[in-house]
>>> print(open('target.cif').read())   # mmCIF, C-alpha atoms
data_entry
loop_
_atom_site.label_atom_id
_atom_site.label_comp_id
_atom_site.auth_asym_id
_atom_site.auth_seq_id
_atom_site.Cartn_x
_atom_site.Cartn_y
_atom_site.Cartn_z
CA MET A 132 -104.46 -34.10 -2.00
CA LYS A 133 -103.53 -31.44 0.54
CA VAL A 134 -99.99 -31.87 1.88
CA LEU A 135 -98.42 -29.97 4.77
CA ILE A 136 -94.66 -29.68 4.27
CA THR A 137 -92.52 -28.26 7.05
CA GLY A 138 -89.25 -26.66 5.96
CA THR A 139 -90.35 -25.36 2.55
CA ALA A 140 -87.58 -22.74 2.50
CA GLY A 141 -85.09 -25.55 3.06
CA PHE A 142 -83.05 -27.49 0.53
CA ILE A 143 -85.15 -30.66 0.36
CA GLY A 144 -88.50 -29.17 1.38
CA ASN A 145 -88.44 -26.56 -1.35
CA ARG A 146 -87.70 -29.05 -4.12
CA LEU A 147 -90.37 -31.40 -2.78
CA ALA A 148 -92.95 -28.60 -2.72
CA GLN A 149 -92.11 -27.77 -6.34
CA ARG A 150 -92.59 -31.37 -7.43
CA LEU A 151 -95.91 -31.79 -5.61
CA LEU A 152 -97.26 -28.51 -6.97
CA GLU A 153 -96.23 -29.56 -10.48
CA ARG A 154 -98.30 -32.71 -10.21
CA GLY A 155 -101.37 -30.83 -8.99
CA GLU A 156 -101.31 -31.17 -5.21
CA GLU A 157 -102.21 -28.39 -2.78
CA VAL A 158 -99.23 -27.56 -0.54
CA ILE A 159 -99.28 -25.86 2.84
CA GLY A 160 -95.68 -24.75 3.26
CA LEU A 161 -94.39 -24.03 6.73
CA ASP A 162 -91.05 -22.42 7.59
CA ASN A 163 -89.64 -19.96 10.12
CA LEU A 164 -86.78 -18.69 7.91
CA ASN A 165 -84.30 -18.84 10.78
CA ASP A 166 -80.76 -17.56 10.35
CA TYR A 167 -78.87 -20.84 10.83
CA TYR A 168 -77.61 -20.07 7.32
CA ASP A 169 -78.11 -17.37 4.66
CA VAL A 170 -81.75 -16.24 4.80
CA THR A 171 -81.54 -14.69 1.33
CA LEU A 172 -80.93 -18.15 -0.13
CA LYS A 173 -84.02 -19.43 1.67
CA GLU A 174 -86.05 -16.49 0.37
CA ALA A 175 -84.79 -17.16 -3.17
CA ARG A 176 -85.94 -20.77 -2.90
CA LEU A 177 -89.36 -19.68 -1.66
CA ALA A 178 -89.67 -17.16 -4.49
CA LYS A 179 -89.87 -20.09 -6.92
CA ILE A 180 -93.11 -21.35 -5.41
CA LYS A 181 -94.73 -18.62 -3.32
CA ASP A 182 -96.93 -17.28 -6.15
CA HIS A 183 -98.27 -20.69 -7.16
CA PRO A 184 -102.08 -20.69 -6.73
CA SER A 185 -101.98 -24.00 -4.84
CA PHE A 186 -99.29 -22.93 -2.38
CA THR A 187 -99.97 -21.42 1.04
CA ASP A 188 -96.97 -19.89 2.83
CA VAL A 189 -97.04 -20.16 6.65
CA ARG A 190 -94.30 -18.58 8.80
CA ILE A 191 -94.12 -20.19 12.25
CA ASN A 192 -91.82 -22.32 14.40
CA ILE A 193 -92.78 -25.98 14.67
CA GLU A 194 -91.96 -25.80 18.39
CA ASP A 195 -94.75 -23.21 18.83
CA ARG A 196 -97.51 -25.52 20.05
CA PRO A 197 -100.54 -23.17 19.80
CA ALA A 198 -99.47 -22.02 16.32
CA MET A 199 -99.06 -25.61 15.12
CA GLU A 200 -102.44 -26.59 16.54
CA ALA A 201 -103.99 -23.69 14.64
CA VAL A 202 -102.33 -24.67 11.35
CA PHE A 203 -103.59 -28.24 11.55
CA ALA A 204 -107.08 -27.14 12.59
CA LYS A 205 -107.34 -24.58 9.79
CA HIS A 206 -105.86 -26.49 6.87
CA LYS A 207 -106.70 -30.14 7.72
CA PRO A 208 -103.92 -31.69 5.57
CA ASN A 209 -104.41 -35.19 4.21
CA LYS A 210 -100.71 -35.96 4.53
CA VAL A 211 -97.71 -34.39 6.26
CA VAL A 212 -94.00 -34.34 5.38
CA ASN A 213 -91.80 -33.09 8.21
CA LEU A 214 -88.47 -31.78 6.90
CA ALA A 215 -88.07 -28.86 9.33
CA ALA A 216 -85.28 -29.53 11.81
CA GLN A 217 -82.15 -28.11 13.31
CA ALA A 218 -79.60 -29.67 10.97
CA GLY A 219 -75.87 -30.27 11.19
CA VAL A 220 -73.74 -32.74 13.13
CA ARG A 221 -70.96 -30.33 14.11
CA TYR A 222 -73.29 -27.51 15.19
CA SER A 223 -74.99 -29.94 17.59
CA LEU A 224 -71.78 -29.96 19.63
CA GLU A 225 -72.04 -26.16 20.00
CA ASN A 226 -75.76 -25.69 20.57
CA PRO A 227 -77.45 -28.93 21.66
CA HIS A 228 -80.49 -27.16 23.13
CA SER A 229 -81.65 -25.99 19.70
CA TYR A 230 -81.82 -29.64 18.58
CA VAL A 231 -84.11 -30.58 21.47
CA GLU A 232 -86.37 -27.58 20.83
CA SER A 233 -86.79 -28.09 17.09
CA ASN A 234 -86.25 -31.81 16.59
CA ILE A 235 -87.95 -33.14 19.72
CA VAL A 236 -90.49 -30.52 20.86
CA GLY A 237 -91.31 -29.53 17.28
CA PHE A 238 -91.75 -33.13 16.18
CA MET A 239 -94.02 -33.78 19.15
CA ASN A 240 -96.28 -30.94 17.96
CA ILE A 241 -96.42 -32.51 14.50
CA LEU A 242 -97.34 -35.92 15.88
CA GLU A 243 -100.12 -34.38 17.97
CA GLY A 244 -101.39 -32.40 14.98
CA CYS A 245 -101.54 -35.60 12.93
CA ARG A 246 -103.24 -37.50 15.74
CA TYR A 247 -106.05 -35.02 16.28
CA ASN A 248 -106.72 -34.07 12.65
CA GLY A 249 -107.10 -37.36 10.84
CA VAL A 250 -103.83 -37.23 8.89
CA GLU A 251 -103.56 -40.25 6.59
CA HIS A 252 -99.76 -40.54 6.53
CA LEU A 253 -96.83 -38.79 8.20
CA VAL A 254 -93.47 -38.95 6.40
CA TYR A 255 -90.51 -37.45 8.27
CA ALA A 256 -86.80 -36.92 7.76
CA SER A 257 -84.47 -39.06 9.78
CA SER A 258 -80.77 -39.30 8.93
CA SER A 259 -77.95 -41.69 8.12
CA SER A 260 -76.35 -40.24 11.27
CA VAL A 261 -78.51 -42.58 13.38
CA TYR A 262 -76.19 -45.45 12.41
CA GLY A 263 -73.55 -43.82 14.61
CA ALA A 264 -70.99 -46.36 15.80
CA ASN A 265 -72.31 -49.11 13.48
CA THR A 266 -69.66 -50.50 11.15
CA ASN A 267 -71.53 -53.36 9.42
CA MET A 268 -72.15 -51.95 5.95
CA PRO A 269 -74.12 -51.28 3.91
CA PHE A 270 -76.25 -49.85 6.70
CA SER A 271 -79.63 -51.60 6.90
CA ILE A 272 -82.86 -50.38 8.48
CA HIS A 273 -83.07 -53.83 10.06
CA ASN A 274 -79.92 -53.16 12.12
CA ASN A 275 -79.97 -51.86 15.68
CA VAL A 276 -79.04 -48.14 15.87
CA ASP A 277 -78.69 -47.50 19.60
CA HIS A 278 -75.24 -45.87 19.55
CA PRO A 279 -75.52 -42.34 18.09
CA LEU A 280 -72.36 -40.20 18.04
CA SER A 281 -73.92 -36.71 18.09
CA MET A 282 -76.89 -34.96 19.62
CA TYR A 283 -78.24 -34.44 16.10
CA ALA A 284 -78.23 -38.20 15.52
CA ALA A 285 -79.80 -38.82 18.93
CA THR A 286 -82.72 -36.50 18.15
CA LYS A 287 -83.31 -38.21 14.80
CA LYS A 288 -83.32 -41.62 16.50
CA ALA A 289 -85.75 -40.16 19.05
CA ASN A 290 -88.05 -39.08 16.21
CA GLU A 291 -88.20 -42.67 14.99
CA LEU A 292 -89.11 -43.91 18.47
CA MET A 293 -91.74 -41.20 18.95
CA ALA A 294 -93.27 -41.98 15.55
CA HIS A 295 -93.51 -45.68 16.39
CA THR A 296 -95.29 -44.85 19.63
CA TYR A 297 -97.95 -42.82 17.77
CA SER A 298 -98.29 -45.49 15.10
CA HIS A 299 -98.90 -48.04 17.87
CA LEU A 300 -101.17 -45.97 20.10
CA TYR A 301 -103.23 -44.12 17.51
CA ASP A 302 -102.87 -46.22 14.34
CA LEU A 303 -101.14 -43.26 12.65
CA PRO A 304 -99.17 -44.46 9.59
CA THR A 305 -95.63 -43.07 9.85
CA THR A 306 -92.61 -43.46 7.56
CA GLY A 307 -89.13 -42.33 8.55
CA LEU A 308 -86.57 -41.62 5.83
CA ARG A 309 -82.88 -41.87 6.60
CA PHE A 310 -81.24 -39.48 4.15
CA PHE A 311 -77.62 -40.04 3.12
CA THR A 312 -75.49 -36.89 2.47
CA VAL A 313 -77.78 -34.87 0.21
CA TYR A 314 -76.21 -32.47 -2.32
CA GLY A 315 -77.12 -30.56 -5.48
CA PRO A 316 -78.37 -27.18 -6.77
CA TRP A 317 -79.83 -24.85 -4.12
CA GLY A 318 -78.00 -26.84 -1.43
CA ARG A 319 -77.14 -25.79 2.12
CA PRO A 320 -74.16 -23.42 2.51
CA ASP A 321 -72.93 -25.29 5.60
CA MET A 322 -72.37 -28.54 3.68
CA ALA A 323 -69.10 -29.69 2.17
CA LEU A 324 -69.84 -29.20 -1.53
CA PHE A 325 -71.01 -25.62 -1.02
CA LEU A 326 -68.12 -24.74 1.30
CA PHE A 327 -65.53 -26.34 -1.00
CA THR A 328 -66.86 -24.58 -4.11
CA LYS A 329 -66.91 -21.18 -2.44
CA LYS A 330 -63.35 -21.50 -1.09
CA ILE A 331 -61.80 -23.02 -4.21
CA LEU A 332 -63.20 -20.20 -6.36
CA ALA A 333 -61.91 -17.66 -3.83
CA GLY A 334 -58.44 -19.25 -3.78
CA GLU A 335 -58.80 -20.20 -0.11
CA PRO A 336 -57.80 -23.55 1.43
CA ILE A 337 -60.49 -26.12 2.22
CA ASP A 338 -60.63 -28.19 5.42
CA VAL A 339 -60.50 -31.91 4.56
CA PHE A 340 -61.39 -33.96 7.63
CA ASN A 341 -60.21 -37.52 8.32
CA TYR A 342 -57.41 -36.69 5.86
CA GLY A 343 -59.90 -37.22 3.03
CA LYS A 344 -60.17 -40.95 3.73
CA HIS A 345 -63.80 -41.21 4.76
CA ARG A 346 -66.50 -42.25 2.32
CA ARG A 347 -70.00 -40.89 1.92
CA ASP A 348 -73.05 -42.18 0.11
CA PHE A 349 -73.55 -38.82 -1.64
CA THR A 350 -77.18 -38.63 -2.81
CA TYR A 351 -78.41 -36.13 -5.39
CA ILE A 352 -81.34 -33.90 -4.40
CA ASP A 353 -83.73 -35.11 -7.13
CA ASP A 354 -83.11 -38.73 -6.10
CA ILE A 355 -83.97 -37.84 -2.51
CA VAL A 356 -87.17 -36.05 -3.51
CA GLU A 357 -88.29 -38.89 -5.77
CA GLY A 358 -87.84 -41.24 -2.83
CA VAL A 359 -89.86 -38.96 -0.56
CA ILE A 360 -92.73 -38.77 -3.05
CA ARG A 361 -92.83 -42.51 -3.64
CA THR A 362 -92.92 -43.26 0.08
CA LEU A 363 -95.51 -40.52 0.66
CA ASP A 364 -97.75 -42.23 -1.90
CA HIS A 365 -97.12 -45.63 -0.30
CA THR A 366 -98.83 -45.39 3.10
CA ALA A 367 -97.05 -47.34 5.82
CA GLN A 368 -98.62 -50.70 6.64
CA PRO A 369 -98.23 -53.05 9.63
CA ASN A 370 -95.81 -55.93 9.28
CA ASN A 371 -98.01 -58.91 10.17
CA ASP A 372 -94.94 -61.13 10.54
CA TRP A 373 -93.33 -58.88 13.15
CA ASP A 374 -92.18 -60.88 16.17
CA GLY A 375 -91.45 -59.38 19.58
CA ASP A 376 -89.00 -62.20 20.36
CA THR A 377 -86.84 -61.15 17.40
CA PRO A 378 -87.93 -57.54 16.86
CA ASP A 379 -87.24 -55.95 13.48
CA PRO A 380 -86.14 -52.30 14.04
CA GLY A 381 -87.32 -51.22 10.56
CA THR A 382 -90.96 -52.27 10.79
CA GLY A 383 -93.58 -53.09 13.40
CA LYS A 384 -97.00 -54.50 14.14
CA ALA A 385 -98.12 -50.88 13.93
CA PRO A 386 -98.27 -49.01 10.55
CA TYR A 387 -94.62 -47.96 10.86
CA ARG A 388 -91.81 -48.06 8.32
CA LEU A 389 -88.22 -46.88 7.93
CA TYR A 390 -86.28 -46.53 4.67
CA ASN A 391 -82.77 -45.56 3.68
CA ILE A 392 -82.58 -43.13 0.77
CA GLY A 393 -78.99 -43.22 -0.40
CA ASN A 394 -77.06 -43.67 -3.60
CA ASN A 395 -75.93 -47.17 -2.59
CA ALA A 396 -72.45 -46.30 -3.95
CA PRO A 397 -70.11 -44.70 -1.39
CA VAL A 398 -67.48 -42.30 -2.73
CA GLU A 399 -64.21 -41.38 -1.04
CA LEU A 400 -64.02 -37.69 -0.16
CA MET A 401 -60.83 -37.18 -2.19
CA HIS A 402 -62.58 -38.41 -5.34
CA TYR A 403 -65.49 -36.08 -4.60
CA ILE A 404 -63.04 -33.17 -4.38
CA LYS A 405 -61.30 -34.26 -7.61
CA VAL A 406 -64.62 -34.23 -9.49
CA LEU A 407 -65.34 -30.76 -8.11
CA GLU A 408 -61.89 -29.51 -9.18
CA ASP A 409 -62.52 -30.83 -12.70
CA CYS A 410 -65.91 -29.07 -12.88
CA LEU A 411 -64.45 -25.78 -11.63
CA GLY A 412 -61.25 -26.05 -13.67
CA LYS A 413 -59.27 -25.14 -10.57
CA LYS A 414 -57.24 -27.08 -8.03
CA ALA A 415 -58.00 -27.00 -4.32
CA GLU A 416 -55.52 -26.11 -1.61
CA MET A 417 -56.23 -28.51 1.26
CA ASN A 418 -55.86 -28.44 5.04
CA MET A 419 -55.70 -32.14 5.95
CA LEU A 420 -57.30 -32.63 9.37
CA PRO A 421 -58.35 -35.53 11.67
CA LEU A 422 -61.91 -36.83 11.93
CA GLN A 423 -64.21 -34.35 13.68
CA PRO A 424 -66.02 -35.31 16.90
CA GLY A 425 -69.50 -36.61 16.06
CA ASP A 426 -68.60 -37.59 12.48
CA VAL A 427 -68.61 -41.18 11.24
CA PRO A 428 -65.87 -42.48 8.91
CA ASP A 429 -68.17 -43.99 6.28
CA THR A 430 -71.82 -44.16 5.22
CA TYR A 431 -73.29 -46.69 2.81
CA ALA A 432 -77.02 -47.27 2.35
CA ASN A 433 -78.73 -50.60 1.88
CA VAL A 434 -81.81 -49.62 -0.17
CA GLU A 435 -83.32 -53.06 -0.73
CA ASP A 436 -86.51 -52.20 1.17
CA LEU A 437 -86.98 -48.97 -0.80
CA VAL A 438 -86.65 -50.89 -4.06
CA ALA A 439 -88.96 -53.70 -2.89
CA ASP A 440 -91.73 -51.43 -1.55
CA VAL A 441 -91.75 -48.42 -3.90
CA ASP A 442 -89.67 -49.66 -6.84
CA TYR A 443 -87.06 -46.92 -6.62
CA LYS A 444 -83.27 -46.76 -6.30
CA PRO A 445 -81.26 -43.51 -6.41
CA ASP A 446 -78.61 -43.63 -9.14
CA THR A 447 -77.27 -40.15 -10.00
CA THR A 448 -73.44 -40.25 -10.13
CA VAL A 449 -71.35 -37.63 -8.35
CA GLU A 450 -69.92 -36.63 -11.73
CA THR A 451 -73.40 -35.68 -12.95
CA GLY A 452 -74.62 -34.23 -9.67
CA ILE A 453 -71.58 -32.04 -8.95
CA ALA A 454 -71.61 -30.67 -12.51
CA LYS A 455 -75.25 -29.61 -12.05
CA PHE A 456 -74.43 -28.00 -8.70
CA VAL A 457 -71.50 -26.03 -10.16
CA ASP A 458 -73.68 -24.79 -13.04
CA TRP A 459 -76.27 -23.60 -10.54
CA TYR A 460 -73.69 -22.04 -8.18
CA GLN A 461 -71.93 -20.05 -10.88
CA GLY A 462 -75.25 -18.84 -12.26
CA TYR A 463 -76.77 -17.95 -8.87
CA TYR A 464 -73.69 -16.16 -7.53
CA LYS A 465 -72.67 -14.72 -10.92
#
>>> encode(input="target.cif", output="structure tokens")
Amino acid sequence: MKVLITGTAGFIGNRLAQRLLERGEEVIGLDNLNDYYDVTLKEARLAKIKDHPSFTDVRINIEDRPAMEAVFAKHKPNKVVNLAAQAGVRYSLENPHSYVESNIVGFMNILEGCRYNGVEHLVYASSSSVYGANTNMPFSIHNNVDHPLSMYAATKKANELMAHTYSHLYDLPTTGLRFFTVYGPWGRPDMALFLFTKKILAGEPIDVFNYGKHRRDFTYIDDIVEGVIRTLDHTAQPNNDWDGDTPDPGTGKAPYRLYNIGNNAPVELMHYIKVLEDCLGKKAEMNMLPLQPGDVPDTYANVEDLVADVDYKPDTTVETGIAKFVDWYQGYYK
């Protein structure tokens, strides 16, 4: 199988590429190595896979339409996993245009590439952020998600709508994956665990939003990647029982599916910090702050559909996952 993965220098994309190469797939890895965060970390991730004989490294922007058309025409992937995106809820308040360019225009180019090149299945990253103002938990893919609280969330919701349109019009199987707070070794420097670790070790105070009271369904990187692989192997099928009078947001008459990939066990931020302190052997100095604009107080994934369709449920505890991250961090940064 030949798989095109966008975002192979990224946190999730790089680990996914490793796993697929290990099981014998051919991977076309696409990334632009932008400077949203430390490029040397991205290069270090890529160094782990770039010399693999079944890996092809492509450096372009997904919003570059002619370049994307050329990649699809040249490589003719069987399946596509789109993980390239402008990430971050808070940054979307500062630079909303970059989210439209990457997450909307770029995703459109991917849909068109799949349409015209016979792609068998498109799997793409959505986000738990799409649940926005929803408070009925655990969050279910069968719930309406029409009230996003950030531009980042709005673009991810838009991706789901765009994918459904292509599934309906062109019979393109698409699966959207709503990731819940991913963490672990080789993680993003702009995320809480990375920022907290760096500042605690440096003796600097950490910013604790919502006074540490919000809860997150922290999901370990290997659990996320296992979920991606299982859904990639399970091509989206039409729901023959779908009814337009009582429409199910998570499925459709078209070959369209959505899944939550989350740990199904929300953890309060203060406990998360306590586990990190124990792993580092050092206490954190904390700046207690109110909830940031665009953030949601809690996330909690209902994963019943993931279990039912691909027989998988993430289960790595934060105690195990944070310990593995700290081991990696101290080794990588010496």
>>> closest_residue(input="target.cif", among="A:Leu411, A:Leu172, A:Met282, A:Leu224", to="Ala140 of chain A", atoms="only C-alpha atoms")
A:Leu172
>>> resolve_selection(input="target.cif", expression="the PyMOL selection byres ((chain A and resi 337) around 8)", output="PDB file with C-alpha atoms, keeping the file's coordinate frame")
ATOM      1  CA  LEU A 326     -68.120 -24.740   1.300  1.00  0.00           C
ATOM      2  CA  PHE A 327     -65.530 -26.340  -1.000  1.00  0.00           C
ATOM      3  CA  LYS A 330     -63.350 -21.500  -1.090  1.00  0.00           C
ATOM      4  CA  ILE A 331     -61.800 -23.020  -4.210  1.00  0.00           C
ATOM      5  CA  GLU A 335     -58.800 -20.200  -0.110  1.00  0.00           C
ATOM      6  CA  PRO A 336     -57.800 -23.550   1.430  1.00  0.00           C
ATOM      7  CA  ASP A 338     -60.630 -28.190   5.420  1.00  0.00           C
ATOM      8  CA  VAL A 339     -60.500 -31.910   4.560  1.00  0.00           C
ATOM      9  CA  ALA A 415     -58.000 -27.000  -4.320  1.00  0.00           C
ATOM     10  CA  GLU A 416     -55.520 -26.110  -1.610  1.00  0.00           C
ATOM     11  CA  MET A 417     -56.230 -28.510   1.260  1.00  0.00           C
ATOM     12  CA  ASN A 418     -55.860 -28.440   5.040  1.00  0.00           C
TER      13      ASN A 418
END
>>> resolve_selection(input="target.cif", expression="the PyMOL selection byres ((chain A and resi 193-197) around 7)", output="MDAnalysis selection string")
chainID A and resid 191:192 198:201 232:233 236:237 240
>>> residues_around(input="target.cif", residues="segment 154-170 of chain A", least_positions_apart="6", cutoff="7 Å", atoms="all atoms listed in the file", output="list in words")
Met132, Lys133, Val134, Leu135, Ile136, Thr137, Gly138, Thr139, Ala140, Ala148, Ser185, Phe186, Thr187, Asp188, Val189, Arg190, Ile191, Asn192 and Pro320 of chain A
>>> atom_distance(input="target.cif", atom1="atom CA of Lys288 of chain A", atom2="atom CA of Gly393 of chain A")
17.5 Å
>>> closest_atom_pairs(input="target.cif", of="segment 379-437 of chain A", to="segment 264-270 of chain A", cutoff="8 Å", atoms="all atoms listed in the file", output="Markdown table")
| residue | atom | partner | partner_atom | distance |
| --- | --- | --- | --- | --- |
| A:Asn395 | CA | A:Pro269 | CA | 7.9 |
| A:Val427 | CA | A:Ala264 | CA | 7.3 |
| A:Thr430 | CA | A:Phe270 | CA | 7.4 |
| A:Tyr431 | CA | A:Pro269 | CA | 4.8 |
| A:Ala432 | CA | A:Phe270 | CA | 5.1 |
| A:Asn433 | CA | A:Pro269 | CA | 5.1 |
>>> resolve_selection(input="target.cif", expression="the PyMOL selection byres ((chain A and resi 394) around 10)", output="number ranges by chain")
A: 310-313, 347-351, 354-355, 391-393, 395-398, 431-434, 444-449
>>> build_atoms(input="target.cif", residues="segment 404-413 of chain A", atoms="all heavy atoms", output="mmCIF file, keeping the file's coordinate frame")
data_model
loop_
_atom_site.group_PDB
_atom_site.id
_atom_site.type_symbol
_atom_site.label_atom_id
_atom_site.label_comp_id
_atom_site.auth_asym_id
_atom_site.auth_seq_id
_atom_site.Cartn_x
_atom_site.Cartn_y
_atom_site.Cartn_z
ATOM 1 N N ILE A 404 -63.752 -34.433 -4.183
ATOM 2 C CA ILE A 404 -63.040 -33.170 -4.380
ATOM 3 C C ILE A 404 -62.426 -33.106 -5.787
ATOM 4 O O ILE A 404 -62.469 -32.059 -6.446
ATOM 5 C CB ILE A 404 -61.963 -32.984 -3.298
ATOM 6 C CG1 ILE A 404 -62.616 -32.815 -1.923
ATOM 7 C CG2 ILE A 404 -61.064 -31.784 -3.611
ATOM 8 C CD1 ILE A 404 -61.646 -32.875 -0.754
ATOM 9 N N LYS A 405 -61.894 -34.221 -6.250
ATOM 10 C CA LYS A 405 -61.300 -34.260 -7.610
ATOM 11 C C LYS A 405 -62.345 -33.956 -8.675
ATOM 12 O O LYS A 405 -62.085 -33.180 -9.619
ATOM 13 C CB LYS A 405 -60.695 -35.649 -7.852
ATOM 14 C CG LYS A 405 -60.190 -35.889 -9.287
ATOM 15 C CD LYS A 405 -59.007 -34.999 -9.631
ATOM 16 C CE LYS A 405 -58.298 -35.438 -10.906
ATOM 17 N NZ LYS A 405 -59.156 -35.443 -12.097
ATOM 18 N N VAL A 406 -63.544 -34.512 -8.537
ATOM 19 C CA VAL A 406 -64.620 -34.230 -9.490
ATOM 20 C C VAL A 406 -64.979 -32.744 -9.444
ATOM 21 O O VAL A 406 -65.172 -32.102 -10.487
ATOM 22 C CB VAL A 406 -65.860 -35.096 -9.200
ATOM 23 C CG1 VAL A 406 -67.036 -34.685 -10.093
ATOM 24 C CG2 VAL A 406 -65.544 -36.572 -9.407
ATOM 25 N N LEU A 407 -65.031 -32.183 -8.246
ATOM 26 C CA LEU A 407 -65.340 -30.760 -8.110
ATOM 27 C C LEU A 407 -64.255 -29.899 -8.762
ATOM 28 O O LEU A 407 -64.551 -28.927 -9.470
ATOM 29 C CB LEU A 407 -65.498 -30.394 -6.638
ATOM 30 C CG LEU A 407 -65.762 -28.916 -6.320
ATOM 31 C CD1 LEU A 407 -67.030 -28.415 -7.019
ATOM 32 C CD2 LEU A 407 -65.863 -28.696 -4.812
ATOM 33 N N GLU A 408 -62.997 -30.246 -8.547
ATOM 34 C CA GLU A 408 -61.890 -29.510 -9.180
ATOM 35 C C GLU A 408 -62.028 -29.544 -10.703
ATOM 36 O O GLU A 408 -61.828 -28.517 -11.374
ATOM 37 C CB GLU A 408 -60.552 -30.127 -8.768
ATOM 38 C CG GLU A 408 -60.159 -29.903 -7.320
ATOM 39 C CD GLU A 408 -58.880 -30.639 -6.955
ATOM 40 O OE1 GLU A 408 -58.652 -31.746 -7.510
ATOM 41 O OE2 GLU A 408 -58.117 -30.135 -6.120
ATOM 42 N N ASP A 409 -62.371 -30.703 -11.243
ATOM 43 C CA ASP A 409 -62.520 -30.830 -12.700
ATOM 44 C C ASP A 409 -63.654 -29.939 -13.207
ATOM 45 O O ASP A 409 -63.528 -29.298 -14.263
ATOM 46 C CB ASP A 409 -62.795 -32.287 -13.076
ATOM 47 C CG ASP A 409 -61.578 -33.181 -12.869
ATOM 48 O OD1 ASP A 409 -60.461 -32.645 -12.715
ATOM 49 O OD2 ASP A 409 -61.751 -34.417 -12.840
ATOM 50 N N CYS A 410 -64.760 -29.889 -12.462
ATOM 51 C CA CYS A 410 -65.910 -29.070 -12.880
ATOM 52 C C CYS A 410 -65.591 -27.582 -12.803
ATOM 53 O O CYS A 410 -66.065 -26.794 -13.630
ATOM 54 C CB CYS A 410 -67.134 -29.400 -12.025
ATOM 55 S SG CYS A 410 -67.843 -31.035 -12.333
ATOM 56 N N LEU A 411 -64.796 -27.197 -11.802
ATOM 57 C CA LEU A 411 -64.450 -25.780 -11.630
ATOM 58 C C LEU A 411 -63.252 -25.379 -12.481
ATOM 59 O O LEU A 411 -63.006 -24.186 -12.689
ATOM 60 C CB LEU A 411 -64.137 -25.499 -10.154
ATOM 61 C CG LEU A 411 -65.298 -25.585 -9.164
ATOM 62 C CD1 LEU A 411 -64.789 -25.460 -7.734
ATOM 63 C CD2 LEU A 411 -66.339 -24.493 -9.445
ATOM 64 N N GLY A 412 -62.473 -26.356 -12.927
ATOM 65 C CA GLY A 412 -61.250 -26.050 -13.670
ATOM 66 C C GLY A 412 -60.210 -25.391 -12.798
ATOM 67 O O GLY A 412 -59.420 -24.559 -13.255
ATOM 68 N N LYS A 413 -60.185 -25.778 -11.508
ATOM 69 C CA LYS A 413 -59.270 -25.140 -10.570
ATOM 70 C C LYS A 413 -58.933 -26.120 -9.446
ATOM 71 O O LYS A 413 -59.806 -26.818 -8.934
ATOM 72 C CB LYS A 413 -59.931 -23.887 -9.983
ATOM 73 C CG LYS A 413 -58.994 -22.993 -9.193
ATOM 74 C CD LYS A 413 -59.670 -21.685 -8.831
ATOM 75 C CE LYS A 413 -58.711 -20.759 -8.108
ATOM 76 N NZ LYS A 413 -59.337 -19.480 -7.750
#
